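*Asks:* Okay, here's the structure, questions in a sec.
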Amino acid sequence: MEKNETCCSTQLIDGDGAFNVAGMEIFMKEVKLGECGLSYAVVSIMGPQSSGKSTLLNYLFRTNFIEMDAFKGRSQTTKGIWMAKCVGIEPCTLVMDLEGTDGRERGEDDTAFEKQSALFALAVSDIVLINMWCHDIGREQAANKPLLKTVFQVMMRLFSPRKTTLLFVIRDKTKTPLENLEPVLREDIQKIWDSVPKPQAHLETPLSEFFNVQVVALSSFEEKEEQFKEQVASLRQRFYHSINPGGLAGDRRGVVPASGFSFSAQQIWKVIKENKDLDLPAHKVMVATVRCEEIANEKYDLFTANEDWCQLEQAVHSGPISGFGKKLNSLLAACLSEYDTEAAYFDEGVRSSKQKQLQEKLLQLVQPAFQIALGHIRSGTLDKLKETFDKALNDGEGFSSAANKCVESCMAQFDEGCADVVVEIANWDTSKVREKLQRDIDAHVASVRTAKMSELVSSYEEKLKEAMSGPVETLLDGANKDTWSSIRKLLNRETKSASSGFSAELSRFDMDEQTRRNMIQSLEDYAKGVIEAKAREEAGRVLIRMKDRFMTLFGHDSDSMPRIWTGKEDIRAITKTARSACLKLLSVMAVLRVDDGDDVFNIEKILAVALMDSSSSSDKDKSITTVDPLASSTWEQVPTSKTLITPVQCKSLWRQFKMETEYSVAQAIAAQEANNRNNNWLPPPWAIVALVILGFNEFMTVLRNPLYLGLIFIGYLVIKAIWVQLDIAGEFRHGALPGIISISSRFIPIIMNLVRKLAEEGTPTDNPGSNPSKNNHGAGAGTATSSTASSHLISSDNGIQYTSSSKYE
């Protein structure tokens, strides 16, 4: 819809003051103003000539007012009053572009039309934009002060006052914040209002009853075009629904219906044209204002181009300058003196006002250089403090005395430096910079203090950690009933030694007694924390410690010699003793006992009842229900913070400990049983007695016939050889049935092998006709050979038996 809209601009009043009645009627028809009722708004703009009013309106409302061609020079562009419809804004909004004030085309004296058009705009408009340059704030004519004063007075005399919004548009905004400019404008408007003679009915009426004053600032269109467009776009949003409650013209009064706007405007202009009282120009004041302003601008430009000032400004960026304030005061005084000389014959009030404005502009120009020079002094003072302070501390001087001495010296140095850069006519306050320096110094001293304190605390904490970690670990490794009392003695001894040295070091710092006590207490708490950390670390390895202790006590005797399970040892008693020692270790590691009153925690008794006596308790009547003391996550009467291993964890650790040590016990029992079997090769005593009684006759028979003895001996050798070759003891080691099967499969080959060897060794090597004695000798040799073979087998048997025994063991 916005693309189809047109602004339909027309000249409402020409340059000669004639009202364009016909053109206004055509305009109303084109924009269909008569159909709007009260839903329309009128906006106008006033301000100095060539101040960019038309340009602002065209960008703000998308109109097509004629703009000045900058390349053709500054001249009057808008003549009379033009009107157009704002494109794309609801409700229907009309905008009037007024001829610029203070134009040279109309001359210095003929300013009646300017005041008439301004009064007309105020009379018919809901919103009046007052366009002004940022650097003109505070000026009499450029800020339209005399004009507004006359307009206020005549408006109240001629018309029934209506609520009008005065929107001051500050153009080419400088670095000065808007919040600093707006109070000046509002104060000027209020002063104008207070000075205007009022009718009896409005003597006490405030300005806000008739006018709503607002201020907005825009950047330079030529230098910052994109930023200008963005700001204008933001301002445009404020004109949407401007007549609604809360809008720019939300509280307007006395609105003429849209169909009667043309006739109303025509009659208002007629009354304004006939009013002679409006022509009240302050000619001399205007001339003085313009000329003094020109002189002030000229002197300002000369000062900015002054070679001495440029050199001084450039030098101050590089570093501190000796006599900076004296040089700058001389330049400023010369500039102001030249202005006073040239403006001496102009109106005194205007001259003084412009001289004050020039002085403010000059001070605003030189203030950054002053701040830089002051900054050099501040930074140099701070660097000097750091250097002297560090040197004093390195020389061993006390912290507090060194800090006080250095701070006092540096602040005196800063005050001397400020006196060298001060600008007399400015009367600038350096207290804020001094306060900032004081804060920086305090911050540096505090940071050094914190660093030194931190270094000191870290040093003593490291000493405590080094002095306690190793001994605590050793004590916990050999845990017994005196472990925690030894740890507490160690803690008290080391803490007392560290606290004494730490307290002596703290005396170098200026601190109250309570803070010193808190720091010493913190160091003592750290020592306890070291013990707690080490205890928790060791508690995490308690299972390993328990197994190591068990293996040491179970596998070694009282002389620390490795045990050889000969069969005489009481494995059950040894196991119980070793496990009791491990239970003692677990009970010591279960609870932290750093404080003296922590010995009341009898964890060992609870663990002994629950773990060591569990086997005997299982023999009791199972119908009796007992409460497991370890079925809990906390120890009774033991704070959670002192718990290292919970009851449930103790039970789980003990179960795992027993599982991982059962194998060692089983190995010991097996070794003892094997040793017993090897030593018990004789039959039972009753069997020996039975053999003696029942075999008495056979024994006597053998004694009566020596031949039986030889046969028995030969049979013994043969059986011994077969026993060794078959390794019967080794075969039956894995069970009777496997042993019988293995022996039966090897028995015949072993017999054949023995016979073959005996035959080979018994074959004679002499001739058949040899001497019988030789044969006998051969037989004897054969017998000897057999004996030798048997001895060889027995020797082998011994070797096998030894090897087998060693393997078993």
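Each chain in the structure tokens gets a letter, A, B, ..., in the order shown, and its residues are numbered from 1; ligands are numbered from 1 in order too.
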Looking only at helix (DSSP H, G or I) from DSSP on the backbone, list the matching residues of stretch 570-685 of chain A as a PyMOL selection string.

*Replies:* chain A and resi 571-590+596-600+603-612+614-617+640-642+647-679+685

*Asks:* For A:Lys327, find every residue with an atom within 9 Å (counting only C-alpha atoms), except residues of its own chain fewer than 6 positions away, and show them as a PDB file with N, CA and C atoms, in the first residue's frame.

*Replies:*
ATOM      1  N   ASP A 308      52.002  26.419  18.152  1.00  0.00           N
ATOM      2  CA  ASP A 308      52.432  26.089  19.523  1.00  0.00           C
ATOM      3  C   ASP A 308      51.465  25.092  20.171  1.00  0.00           C
ATOM      4  N   TRP A 309      50.166  25.290  19.938  1.00  0.00           N
ATOM      5  CA  TRP A 309      49.185  24.361  20.508  1.00  0.00           C
ATOM      6  C   TRP A 309      49.296  22.976  19.875  1.00  0.00           C
ATOM      7  N   LEU A 312      52.279  21.272  21.280  1.00  0.00           N
ATOM      8  CA  LEU A 312      52.037  20.891  22.667  1.00  0.00           C
ATOM      9  C   LEU A 312      51.110  19.680  22.745  1.00  0.00           C
TER      10      LEU A 312
END

*Asks:* Using DSSP assignments from the backbone, pull out every residue in stretch 157-405 of chain A that falls under strand (DSSP E or B) and give it to me as a list in words.

*Replies:*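 Those in stretch 157-405 of chain A that DSSP calls strand (DSSP E or B) are Thr164, Thr165, Leu166, Leu167, Phe168, Val169, Ile170, Arg171, Phe211, Asn212, Val213, Gln214, Val215, Val216 and Ala217 of chain A.
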
*Asks:* Would you mind exporting all heavy atoms of the selected residues as a compact mmCIF listing (two decimals), in the first residue's frame?

*Replies:*
# COMPACT_ATOMS: atom_id res chain seq x y z
N THR A 164 0.61 21.39 22.49
CA THR A 164 1.47 21.16 21.33
C THR A 164 2.77 20.51 21.79
O THR A 164 3.32 20.87 22.83
CB THR A 164 1.79 22.48 20.60
OG1 THR A 164 0.58 23.14 20.26
CG2 THR A 164 2.63 22.24 19.36
N THR A 165 3.23 19.55 21.00
CA THR A 165 4.50 18.89 21.29
C THR A 165 5.62 19.60 20.57
O THR A 165 5.60 19.73 19.34
CB THR A 165 4.48 17.41 20.87
OG1 THR A 165 3.47 16.73 21.61
CG2 THR A 165 5.82 16.74 21.12
N LEU A 166 6.60 20.12 21.32
CA LEU A 166 7.80 20.73 20.74
C LEU A 166 8.92 19.68 20.76
O LEU A 166 9.42 19.31 21.81
CB LEU A 166 8.22 21.95 21.55
CG LEU A 166 7.23 23.13 21.60
CD1 LEU A 166 7.80 24.26 22.42
CD2 LEU A 166 6.88 23.61 20.20
N LEU A 167 9.27 19.20 19.57
CA LEU A 167 10.33 18.18 19.46
C LEU A 167 11.59 18.83 18.91
O LEU A 167 11.68 19.15 17.72
CB LEU A 167 9.87 17.04 18.53
CG LEU A 167 10.88 15.91 18.31
CD1 LEU A 167 11.25 15.26 19.63
CD2 LEU A 167 10.32 14.87 17.34
N PHE A 168 12.55 19.09 19.79
CA PHE A 168 13.81 19.70 19.38
C PHE A 168 14.69 18.63 18.75
O PHE A 168 15.00 17.61 19.38
CB PHE A 168 14.52 20.32 20.59
CG PHE A 168 13.90 21.62 21.03
CD1 PHE A 168 12.80 21.62 21.87
CD2 PHE A 168 14.41 22.83 20.60
CE1 PHE A 168 12.23 22.80 22.29
CE2 PHE A 168 13.85 24.02 21.02
CZ PHE A 168 12.75 24.01 21.86
N VAL A 169 15.08 18.86 17.49
CA VAL A 169 15.94 17.92 16.75
C VAL A 169 17.34 18.52 16.69
O VAL A 169 17.56 19.53 16.00
CB VAL A 169 15.40 17.64 15.34
CG1 VAL A 169 16.30 16.65 14.63
CG2 VAL A 169 13.97 17.14 15.41
N ILE A 170 18.25 17.92 17.44
CA ILE A 170 19.64 18.41 17.48
C ILE A 170 20.41 17.74 16.36
O ILE A 170 20.56 16.51 16.33
CB ILE A 170 20.28 18.09 18.84
CG1 ILE A 170 19.48 18.75 19.96
CG2 ILE A 170 21.72 18.57 18.88
CD1 ILE A 170 19.96 18.36 21.34
N ARG A 171 20.89 18.55 15.41
CA ARG A 171 21.58 18.03 14.22
C ARG A 171 23.09 18.02 14.43
O ARG A 171 23.64 18.82 15.21
CB ARG A 171 21.23 18.89 13.01
CG ARG A 171 19.75 18.97 12.74
CD ARG A 171 19.19 17.61 12.27
NE ARG A 171 19.77 17.19 11.03
CZ ARG A 171 19.31 17.58 9.83
NH1 ARG A 171 18.24 18.36 9.76
NH2 ARG A 171 19.88 17.16 8.73
N PHE A 211 2.51 22.92 26.42
CA PHE A 211 3.55 22.35 25.56
C PHE A 211 4.16 21.09 26.20
O PHE A 211 4.35 21.04 27.41
CB PHE A 211 4.68 23.37 25.31
CG PHE A 211 4.23 24.59 24.56
CD1 PHE A 211 3.94 25.76 25.23
CD2 PHE A 211 4.09 24.56 23.18
CE1 PHE A 211 3.53 26.88 24.55
CE2 PHE A 211 3.66 25.69 22.50
CZ PHE A 211 3.37 26.85 23.17
N ASN A 212 4.44 20.15 25.32
CA ASN A 212 5.14 18.92 25.71
C ASN A 212 6.50 18.95 25.02
O ASN A 212 6.58 18.78 23.80
CB ASN A 212 4.34 17.69 25.29
CG ASN A 212 5.06 16.39 25.67
OD1 ASN A 212 5.92 16.39 26.52
ND2 ASN A 212 4.70 15.33 24.99
N VAL A 213 7.55 19.21 25.77
CA VAL A 213 8.89 19.40 25.20
C VAL A 213 9.65 18.07 25.20
O VAL A 213 9.76 17.42 26.23
CB VAL A 213 9.68 20.46 26.00
CG1 VAL A 213 11.07 20.64 25.40
CG2 VAL A 213 8.93 21.79 26.01
N GLN A 214 10.15 17.70 24.02
CA GLN A 214 10.98 16.49 23.88
C GLN A 214 12.20 16.84 23.04
O GLN A 214 12.18 17.79 22.25
CB GLN A 214 10.20 15.35 23.23
CG GLN A 214 9.01 14.88 24.06
CD GLN A 214 8.44 13.57 23.56
OE1 GLN A 214 9.15 12.77 22.95
NE2 GLN A 214 7.15 13.37 23.80
N VAL A 215 13.27 16.03 23.20
CA VAL A 215 14.54 16.30 22.54
C VAL A 215 15.05 15.01 21.90
O VAL A 215 14.96 13.93 22.50
CB VAL A 215 15.60 16.83 23.53
CG1 VAL A 215 16.90 17.17 22.80
CG2 VAL A 215 15.07 18.06 24.26
N VAL A 216 15.58 15.14 20.68
CA VAL A 216 16.20 14.00 20.00
C VAL A 216 17.44 14.52 19.28
O VAL A 216 17.48 15.70 18.89
CB VAL A 216 15.21 13.34 19.01
CG1 VAL A 216 14.88 14.28 17.86
CG2 VAL A 216 15.77 12.02 18.49
N ALA A 217 18.45 13.70 19.12
CA ALA A 217 19.71 14.09 18.48
C ALA A 217 20.00 13.18 17.30
O ALA A 217 19.75 11.98 17.35
CB ALA A 217 20.86 14.03 19.48

*Asks:* Do you have the atom CA of A:Gly501-atom CA of A:Tyr460 distance handy?

*Replies:*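 Those two atoms sit 8.7 Å apart.
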
*Asks:* Write out as number ranges by chain each polymer residue whose atoms come within 8 Å of A:Ala296, counting only C-alpha atoms; drop sequence neighbours fewer than 5 positions from it.

*Replies:* A: 339, 354-355, 358

*Asks:* Put those residues in a file: N, CA and C atoms, as an mmCIF file, in the first residue's frame.

*Replies:*
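The result, stored in again-v8.cif:
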data_model
loop_
_atom_site.group_PDB
_atom_site.id
_atom_site.type_symbol
_atom_site.label_atom_id
_atom_site.label_comp_id
_atom_site.auth_asym_id
_atom_site.auth_seq_id
_atom_site.Cartn_x
_atom_site.Cartn_y
_atom_site.Cartn_z
ATOM 1 N N TYR A 339 39.929 37.967 21.440
ATOM 2 C CA TYR A 339 38.473 38.048 21.264
ATOM 3 C C TYR A 339 37.923 39.301 21.959
ATOM 4 N N LYS A 354 29.020 35.135 24.469
ATOM 5 C CA LYS A 354 29.810 34.461 23.439
ATOM 6 C C LYS A 354 31.239 34.200 23.911
ATOM 7 N N GLN A 355 31.773 35.133 24.745
ATOM 8 C CA GLN A 355 33.105 34.894 25.289
ATOM 9 C C GLN A 355 33.110 33.657 26.185
ATOM 10 N N LEU A 358 32.996 30.681 23.897
ATOM 11 C CA LEU A 358 34.321 30.439 23.322
ATOM 12 C C LEU A 358 35.244 29.780 24.342
#

*Asks:* Between atom CA of A:Ala369 and atom CA of A:Asp442, what is the distance in Å, rounded to a tenth?

*Replies:*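 These atoms are spaced 26.6 Å apart.
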
*Asks:* Write out as a PyMOL selection string the residues lying within 12 Å of A:Gln311, counting only C-alpha atoms and excluding same-chain residues fewer than 4 positions away.

*Replies:* chain A and resi 304-307+315-318+321+324+327-328+369

*Asks:* Set the distance at 10 Å and use only C-alpha atoms: which residues neighbour stretch 260-271 of chain A once local chain neighbours fewer than 4 positions away are removed? I'd like the list as a ChimeraX atom specification.

*Replies:* /A:12-13,17-22,24-25,27-28,33-34,37,116-117,119-121,123-124,158-159,255-256,275

*Asks:* Can those selected residues be exported to a file as an mmCIF file, in the first residue's frame so that it contains N, CA, C and O atoms?

*Replies:*
data_model
loop_
_atom_site.group_PDB
_atom_site.id
_atom_site.type_symbol
_atom_site.label_atom_id
_atom_site.label_comp_id
_atom_site.auth_asym_id
_atom_site.auth_seq_id
_atom_site.Cartn_x
_atom_site.Cartn_y
_atom_site.Cartn_z
ATOM 1 N N LEU A 12 1.478 25.875 0.540
ATOM 2 C CA LEU A 12 0.336 26.361 1.301
ATOM 3 C C LEU A 12 0.324 27.884 1.357
ATOM 4 O O LEU A 12 -0.720 28.521 1.142
ATOM 5 N N ILE A 13 1.471 28.494 1.634
ATOM 6 C CA ILE A 13 1.624 29.947 1.698
ATOM 7 C C ILE A 13 2.867 30.312 0.907
ATOM 8 O O ILE A 13 3.941 29.740 1.133
ATOM 9 N N GLY A 17 3.394 35.712 1.414
ATOM 10 C CA GLY A 17 2.423 35.596 2.488
ATOM 11 C C GLY A 17 1.005 35.335 2.004
ATOM 12 O O GLY A 17 0.062 35.399 2.808
ATOM 13 N N ALA A 18 0.811 34.975 0.725
ATOM 14 C CA ALA A 18 -0.533 34.695 0.205
ATOM 15 C C ALA A 18 -0.889 33.243 0.468
ATOM 16 O O ALA A 18 -0.090 32.326 0.199
ATOM 17 N N PHE A 19 -2.071 33.016 0.994
ATOM 18 C CA PHE A 19 -2.537 31.675 1.306
ATOM 19 C C PHE A 19 -3.117 31.028 0.049
ATOM 20 O O PHE A 19 -3.991 31.599 -0.611
ATOM 21 N N ASN A 20 -2.643 29.847 -0.309
ATOM 22 C CA ASN A 20 -3.065 29.131 -1.513
ATOM 23 C C ASN A 20 -4.336 28.349 -1.213
ATOM 24 O O ASN A 20 -4.285 27.158 -0.907
ATOM 25 N N VAL A 21 -5.495 29.034 -1.335
ATOM 26 C CA VAL A 21 -6.766 28.394 -0.990
ATOM 27 C C VAL A 21 -7.091 27.282 -1.977
ATOM 28 O O VAL A 21 -7.457 26.164 -1.590
ATOM 29 N N ALA A 22 -6.949 27.551 -3.269
ATOM 30 C CA ALA A 22 -7.286 26.554 -4.285
ATOM 31 C C ALA A 22 -6.392 25.327 -4.165
ATOM 32 O O ALA A 22 -6.840 24.176 -4.239
ATOM 33 N N MET A 24 -4.910 24.260 -1.526
ATOM 34 C CA MET A 24 -5.244 23.518 -0.319
ATOM 35 C C MET A 24 -6.462 22.641 -0.527
ATOM 36 O O MET A 24 -6.512 21.500 -0.030
ATOM 37 N N GLU A 25 -7.457 23.152 -1.274
ATOM 38 C CA GLU A 25 -8.647 22.343 -1.535
ATOM 39 C C GLU A 25 -8.301 21.115 -2.372
ATOM 40 O O GLU A 25 -8.768 20.003 -2.106
ATOM 41 N N PHE A 27 -5.421 19.665 -2.528
ATOM 42 C CA PHE A 27 -4.621 18.790 -1.670
ATOM 43 C C PHE A 27 -5.504 17.929 -0.762
ATOM 44 O O PHE A 27 -5.275 16.716 -0.596
ATOM 45 N N MET A 28 -6.524 18.551 -0.175
ATOM 46 C CA MET A 28 -7.404 17.808 0.720
ATOM 47 C C MET A 28 -8.140 16.695 -0.006
ATOM 48 O O MET A 28 -8.348 15.606 0.543
ATOM 49 N N LEU A 33 -8.512 13.975 3.002
ATOM 50 C CA LEU A 33 -8.427 14.422 4.380
ATOM 51 C C LEU A 33 -9.795 14.557 5.014
ATOM 52 O O LEU A 33 -9.964 14.309 6.222
ATOM 53 N N GLY A 34 -10.800 14.935 4.194
ATOM 54 C CA GLY A 34 -12.139 15.122 4.743
ATOM 55 C C GLY A 34 -12.730 13.861 5.337
ATOM 56 O O GLY A 34 -13.665 13.920 6.150
ATOM 57 N N GLY A 37 -12.002 12.619 9.773
ATOM 58 C CA GLY A 37 -12.587 13.039 11.035
ATOM 59 C C GLY A 37 -11.533 13.685 11.930
ATOM 60 O O GLY A 37 -10.878 14.651 11.540
ATOM 61 N N GLN A 116 5.718 35.145 11.782
ATOM 62 C CA GLN A 116 4.342 34.804 11.430
ATOM 63 C C GLN A 116 4.215 33.326 11.061
ATOM 64 O O GLN A 116 3.287 32.638 11.503
ATOM 65 N N SER A 117 5.156 32.843 10.272
ATOM 66 C CA SER A 117 5.094 31.430 9.872
ATOM 67 C C SER A 117 5.308 30.510 11.070
ATOM 68 O O SER A 117 4.677 29.456 11.190
ATOM 69 N N LEU A 119 4.561 31.232 14.212
ATOM 70 C CA LEU A 119 3.344 31.275 15.012
ATOM 71 C C LEU A 119 2.234 30.478 14.363
ATOM 72 O O LEU A 119 1.468 29.786 15.042
ATOM 73 N N PHE A 120 2.173 30.533 13.046
ATOM 74 C CA PHE A 120 1.168 29.736 12.319
ATOM 75 C C PHE A 120 1.409 28.239 12.562
ATOM 76 O O PHE A 120 0.467 27.477 12.788
ATOM 77 N N ALA A 121 2.659 27.835 12.492
ATOM 78 C CA ALA A 121 2.971 26.415 12.703
ATOM 79 C C ALA A 121 2.562 25.959 14.095
ATOM 80 O O ALA A 121 1.975 24.881 14.279
ATOM 81 N N ALA A 123 0.241 27.249 15.876
ATOM 82 C CA ALA A 123 -1.206 27.326 16.044
ATOM 83 C C ALA A 123 -1.930 26.145 15.434
ATOM 84 O O ALA A 123 -2.975 25.722 15.955
ATOM 85 N N VAL A 124 -1.419 25.600 14.323
ATOM 86 C CA VAL A 124 -2.157 24.544 13.622
ATOM 87 C C VAL A 124 -1.541 23.175 13.814
ATOM 88 O O VAL A 124 -2.160 22.170 13.443
ATOM 89 N N LEU A 158 -3.883 35.538 21.361
ATOM 90 C CA LEU A 158 -4.772 35.466 20.198
ATOM 91 C C LEU A 158 -5.646 34.227 20.188
ATOM 92 O O LEU A 158 -6.755 34.257 19.656
ATOM 93 N N PHE A 159 -5.131 33.147 20.698
ATOM 94 C CA PHE A 159 -5.846 31.886 20.537
ATOM 95 C C PHE A 159 -6.107 31.231 21.888
ATOM 96 O O PHE A 159 -5.429 31.516 22.863
ATOM 97 N N VAL A 255 -8.767 20.052 18.762
ATOM 98 C CA VAL A 255 -8.486 19.602 17.408
ATOM 99 C C VAL A 255 -9.664 19.966 16.491
ATOM 100 O O VAL A 255 -10.830 19.721 16.810
ATOM 101 N N VAL A 256 -9.346 20.534 15.353
ATOM 102 C CA VAL A 256 -10.366 20.878 14.340
ATOM 103 C C VAL A 256 -10.622 19.649 13.483
ATOM 104 O O VAL A 256 -9.673 18.966 13.085
ATOM 105 N N ASN A 275 -1.863 41.015 12.615
ATOM 106 C CA ASN A 275 -1.320 41.320 13.945
ATOM 107 C C ASN A 275 0.034 42.006 13.792
ATOM 108 O O ASN A 275 1.008 41.410 13.348
#

*Asks:* Go through A:Val472, A:Ala403, A:Val692, A:Ala687 and flag the residue nearest A:Ala527, using only C-alpha atoms for the distances.

*Replies:*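 Closest to A:Ala527, using only C-alpha atoms: A:Val472.
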
*Asks:* Just how far from atom CA of A:Ile714 is atom CA of A:Leu694, in Å to one decimal?

*Replies:*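 Rounded to one decimal, the two atoms are 23.6 Å apart.
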
*Asks:* Measuring between only C-alpha atoms, which one of A:His202, A:Arg493, A:Arg516, A:Arg545 shows the shortest distance to A:Glu473?

*Replies:* A:Arg545

*Asks:* Can you tell me which residues surround stretch 568-574 of chain A at a distance of at most 12 Å, considering only C-alpha atoms, apart from same-chain residues fewer than 4 positions away, and format the answer as a ChimeraX atom specification?

*Replies:* /A:550-558,563-564,578-581,662,664-673,675-676

*Asks:* Go ahead and save the residues from that selection, with N, CA and C atoms, as a CSV table (one decimal), in the first residue's frame.

*Replies:*
chain,number,residue,atom,x,y,z
A,550,PHE,N,48.8,-60.1,55.7
A,550,PHE,CA,48.4,-61.5,55.8
A,550,PHE,C,49.5,-62.4,55.3
A,551,MET,N,50.0,-62.1,54.1
A,551,MET,CA,51.0,-62.9,53.5
A,551,MET,C,52.3,-62.8,54.3
A,552,THR,N,52.6,-61.7,54.9
A,552,THR,CA,53.8,-61.6,55.7
A,552,THR,C,53.7,-62.4,57.0
A,553,LEU,N,52.6,-62.3,57.7
A,553,LEU,CA,52.4,-63.0,58.9
A,553,LEU,C,52.2,-64.5,58.7
A,554,PHE,N,51.4,-64.9,57.7
A,554,PHE,CA,51.1,-66.3,57.4
A,554,PHE,C,52.3,-67.0,56.8
A,555,GLY,N,53.1,-66.4,56.0
A,555,GLY,CA,54.2,-67.0,55.3
A,555,GLY,C,55.5,-67.0,56.0
A,556,HIS,N,55.6,-66.3,57.1
A,556,HIS,CA,56.9,-66.1,57.8
A,556,HIS,C,56.6,-66.4,59.3
A,557,ASP,N,57.7,-66.9,59.9
A,557,ASP,CA,57.6,-67.2,61.4
A,557,ASP,C,58.0,-66.0,62.2
A,558,SER,N,58.1,-66.2,63.5
A,558,SER,CA,58.4,-65.1,64.4
A,558,SER,C,59.8,-64.5,64.1
A,563,ARG,N,58.1,-69.9,56.1
A,563,ARG,CA,57.6,-71.1,56.7
A,563,ARG,C,57.8,-72.3,55.8
A,564,ILE,N,58.2,-73.5,56.3
A,564,ILE,CA,58.2,-74.7,55.6
A,564,ILE,C,57.2,-75.6,56.3
A,578,ALA,N,47.0,-64.2,61.8
A,578,ALA,CA,47.2,-63.3,60.6
A,578,ALA,C,46.0,-62.5,60.3
A,579,ARG,N,44.8,-63.2,60.3
A,579,ARG,CA,43.6,-62.4,60.0
A,579,ARG,C,43.2,-61.4,61.1
A,580,SER,N,43.5,-61.7,62.3
A,580,SER,CA,43.3,-60.8,63.4
A,580,SER,C,44.1,-59.5,63.2
A,581,ALA,N,45.4,-59.7,62.8
A,581,ALA,CA,46.2,-58.5,62.5
A,581,ALA,C,45.6,-57.7,61.3
A,662,GLU,N,42.3,-67.3,50.7
A,662,GLU,CA,41.9,-68.7,50.9
A,662,GLU,C,42.9,-69.6,50.1
A,664,SER,N,46.1,-69.2,49.5
A,664,SER,CA,47.3,-69.4,50.2
A,664,SER,C,47.2,-70.4,51.4
A,665,VAL,N,46.0,-70.3,52.1
A,665,VAL,CA,45.8,-71.3,53.2
A,665,VAL,C,45.7,-72.7,52.6
A,666,ALA,N,44.9,-72.8,51.5
A,666,ALA,CA,44.7,-74.1,50.9
A,666,ALA,C,46.0,-74.7,50.5
A,667,GLN,N,46.9,-73.9,49.9
A,667,GLN,CA,48.2,-74.4,49.5
A,667,GLN,C,49.0,-74.9,50.7
A,668,ALA,N,49.0,-74.1,51.8
A,668,ALA,CA,49.7,-74.6,53.0
A,668,ALA,C,49.2,-75.9,53.5
A,669,ILE,N,47.9,-76.1,53.5
A,669,ILE,CA,47.3,-77.3,54.0
A,669,ILE,C,47.7,-78.5,53.0
A,670,ALA,N,47.7,-78.2,51.7
A,670,ALA,CA,48.0,-79.3,50.8
A,670,ALA,C,49.5,-79.6,50.9
A,671,ALA,N,50.4,-78.6,51.1
A,671,ALA,CA,51.8,-78.9,51.3
A,671,ALA,C,52.0,-79.8,52.5
A,672,GLN,N,51.3,-79.4,53.6
A,672,GLN,CA,51.4,-80.2,54.9
A,672,GLN,C,51.0,-81.6,54.7
A,673,GLU,N,49.9,-81.8,54.0
A,673,GLU,CA,49.4,-83.2,53.8
A,673,GLU,C,50.3,-84.0,52.9
A,675,ASN,N,53.5,-83.6,52.7
A,675,ASN,CA,54.7,-83.9,53.5
A,675,ASN,C,54.4,-85.1,54.4
A,676,ASN,N,53.2,-85.1,55.0
A,676,ASN,CA,52.8,-86.2,55.9
A,676,ASN,C,52.8,-87.5,55.1
